[in-house]
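Q: Dropping the structure in here first, questions after.
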Amino acid sequence: MITRRPTKKIQCGDIYIGGNSPITVQSMVKRNTEAIKSVIKDIRKVARVGCDIIRVAVPNKRAAEAIKELKKTISIPLVADIHFNYKLAILAAKNGADKLRINPGNIGAKWKVNEVIQCASSYNIPIRIGVNAGSLEKRYKRSDAKSLVSSVLSFVDFFESKKFQNIVLSLKASDVLTTIEAYRKISKLVDSPLHIGITEAGTPFYGSIRSSVGIGSLLADGIGDTIRVSLTGSMEEEVMVGTELLKSLGLRNNAPTIISCPTCGRCEIDLTKIVKRVEKRIDNYRLPIKIAIMGCVVNGPGEAKEADIGIAGGKRVGLLFKKGKPIKKVKEEQIVDALFSEIDKTF
Ligand code: SF4
């Protein structure tokens, strides 16, 4: 069981980040924010697979104005991501953004950052201070963990000098070890909630591994209040990987877990096909059930015992188990339907 590091609780729309609130999964819209209709579709789709908070890029005035339309329709909190131009942050807040994400280092003069702080304060919305190794202020010669921590701390001091504590922090690097070190250091120094992730992690295969190592190590240490898996892939993939990561550490229990064996020469059913079909069909279920799909009776019944429901393959058949007890034998082609009929009946 993981003991989470105590942090302040802040509110983002109708969701809380930090304190004892569940760790949230975020993603970021990949298309132009101004393409309102398509962006709404994207957000609805990703919310269905478990995205708790969505972020959009705000590179210009039109994008900041699009937020007003998006907010009328979407059901999850929206974060406006702003670089360079403090006026866009103010416009995004006015148009209903639930949270602002800025890198104060590229907003420029302190008075500009202060304008954003005062605006967020008047709308009572939080700001994520997001520092990235790739865009550290020029005074830092190296983009290492020490520099990331020093940079973020100087911003925290500034925000606190303006009596603004409604903040979330992130210090991301594309290097996994640098990121882990930076978050470990900052978590000992401040109690603001932390948004964790490996930036520019890569394609779904490599990026999921790198994110799992980085985010997973931190979560296992009790560090992290909200996560984003950054992939050169779809938003759904980002959210699904993030959700699996939380589930695998026992930090999210509102979704099914599938346990499946790697198969070997003893397997006499098409287990890969069955697992894929179950995975697809279970997608819409928001139940904390554990489903075991095992190729044969060697480990099948044992694993199925630990699961809520499961099957162990035989010769072109599957033996259905519920809470460790065998309930019936079905033909291979009926395995998936039999499994779901039992899930629907019981859970
Ligand atoms: S459960 Fe059976 S089929 Fe699957 S890997 Fe183990 S021995 Fe092989």
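Within each chain, counting starts at residue 1; across the structure tokens, chains are named A, B, ... in the order shown, with ligands numbered 1 upward in that order.
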Extract, using only C-alpha atoms, all DNA, RNA and protein residues at most 9 Å from Met240 (chain A), discarding same-chain residues fewer than 6 positions from it, and format them as a list of chain:residue names.

A: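 Contacts, in chain order: A:Val49, A:Gly50, A:Cys51.
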
Q: Limited to C-alpha atoms, could you put the picked residues into a file as a tab-separated table (two decimals), in the first residue's frame?

A:
chain	number	residue	atom	x	y	z
A	49	VAL	CA	-11.94	6.52	-21.37
A	50	GLY	CA	-11.25	8.14	-18.00
A	51	CYS	CA	-9.64	11.54	-18.60

Q: Return as a ChimeraX atom specification the residues of protein, DNA or RNA that approach ligand 1 to within 9 Å, with only C-alpha atoms and all ligand atoms taken into account.

A: /A:260-269,271,293-301,303,312-313

Q: Name the closest residue to Asp221 (chain A) among the candidates A:Leu339, A:Ala109, A:Ala292, A:Ile2; distances are taken between atoms, counting only C-alpha atoms.

A: A:Ile2

Q: Find the distance between CA of Leu218 (chain A) and CA of Pro256 (chain A) and write it in Å to one decimal.

A: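 Separation between CA of Leu218 (chain A) and CA of Pro256 (chain A): 23.3 Å.
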
Q: Run DSSP on the backbone and tell me which residues of region 75-297 of chain A come out as alpha helix (DSSP H); list them as a ChimeraX atom specification.

A: /A:86-94,104-107,110-123,145-161,176-189,204-220,235-248,271-282

Q: Could you give me, as a PDB file with C-alpha atoms, in the first residue's frame, each residue of region 60-235 of chain A that DSSP assigns to strand (DSSP E or B) when run on this structure's backbone?

A:
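Result file is out.pdb:
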ATOM      1  CA  LEU A  78     -10.328  22.636 -18.794  1.00  0.00           C
ATOM      2  CA  VAL A  79      -6.776  23.950 -18.405  1.00  0.00           C
ATOM      3  CA  ALA A  80      -5.426  26.714 -20.658  1.00  0.00           C
ATOM      4  CA  ASP A  81      -1.776  26.221 -21.614  1.00  0.00           C
ATOM      5  CA  ILE A  82      -0.030  29.542 -22.184  1.00  0.00           C
ATOM      6  CA  LYS A  99      -6.919  26.435 -14.432  1.00  0.00           C
ATOM      7  CA  LEU A 100      -3.971  28.124 -16.127  1.00  0.00           C
ATOM      8  CA  ARG A 101      -0.697  26.475 -16.978  1.00  0.00           C
ATOM      9  CA  ILE A 102       2.193  28.854 -17.450  1.00  0.00           C
ATOM     10  CA  ILE A 127      -2.165  28.130 -11.765  1.00  0.00           C
ATOM     11  CA  ARG A 128       0.212  25.332 -12.629  1.00  0.00           C
ATOM     12  CA  ILE A 129       3.783  26.554 -12.589  1.00  0.00           C
ATOM     13  CA  GLY A 130       5.161  24.262 -15.260  1.00  0.00           C
ATOM     14  CA  VAL A 131       8.916  24.259 -15.621  1.00  0.00           C
ATOM     15  CA  ASN A 132      10.492  22.172 -18.382  1.00  0.00           C
ATOM     16  CA  ILE A 167      -0.681  26.464  -7.291  1.00  0.00           C
ATOM     17  CA  VAL A 168       0.293  23.099  -8.727  1.00  0.00           C
ATOM     18  CA  LEU A 169       3.904  22.455  -9.709  1.00  0.00           C
ATOM     19  CA  SER A 170       5.559  20.471 -12.455  1.00  0.00           C
ATOM     20  CA  LEU A 171       9.240  20.059 -13.278  1.00  0.00           C
ATOM     21  CA  LYS A 172       9.456  17.845 -16.285  1.00  0.00           C
ATOM     22  CA  LEU A 194       2.535  17.996  -7.966  1.00  0.00           C
ATOM     23  CA  HIS A 195       1.609  17.319 -11.581  1.00  0.00           C
ATOM     24  CA  ILE A 196       3.959  14.579 -12.713  1.00  0.00           C
ATOM     25  CA  THR A 226      -2.140  14.381 -10.944  1.00  0.00           C
ATOM     26  CA  ILE A 227      -0.450  12.713 -13.916  1.00  0.00           C
ATOM     27  CA  ARG A 228      -0.099  13.131 -17.640  1.00  0.00           C
TER      28      ARG A 228
END

Q: Suppose you want the space between CA of Thr179 (chain A) and CA of Ser248 (chain A); what is it in Å?

A: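 Computing the Euclidean distance for CA of Thr179 (chain A) and CA of Ser248 (chain A) yields 20.7 Å.
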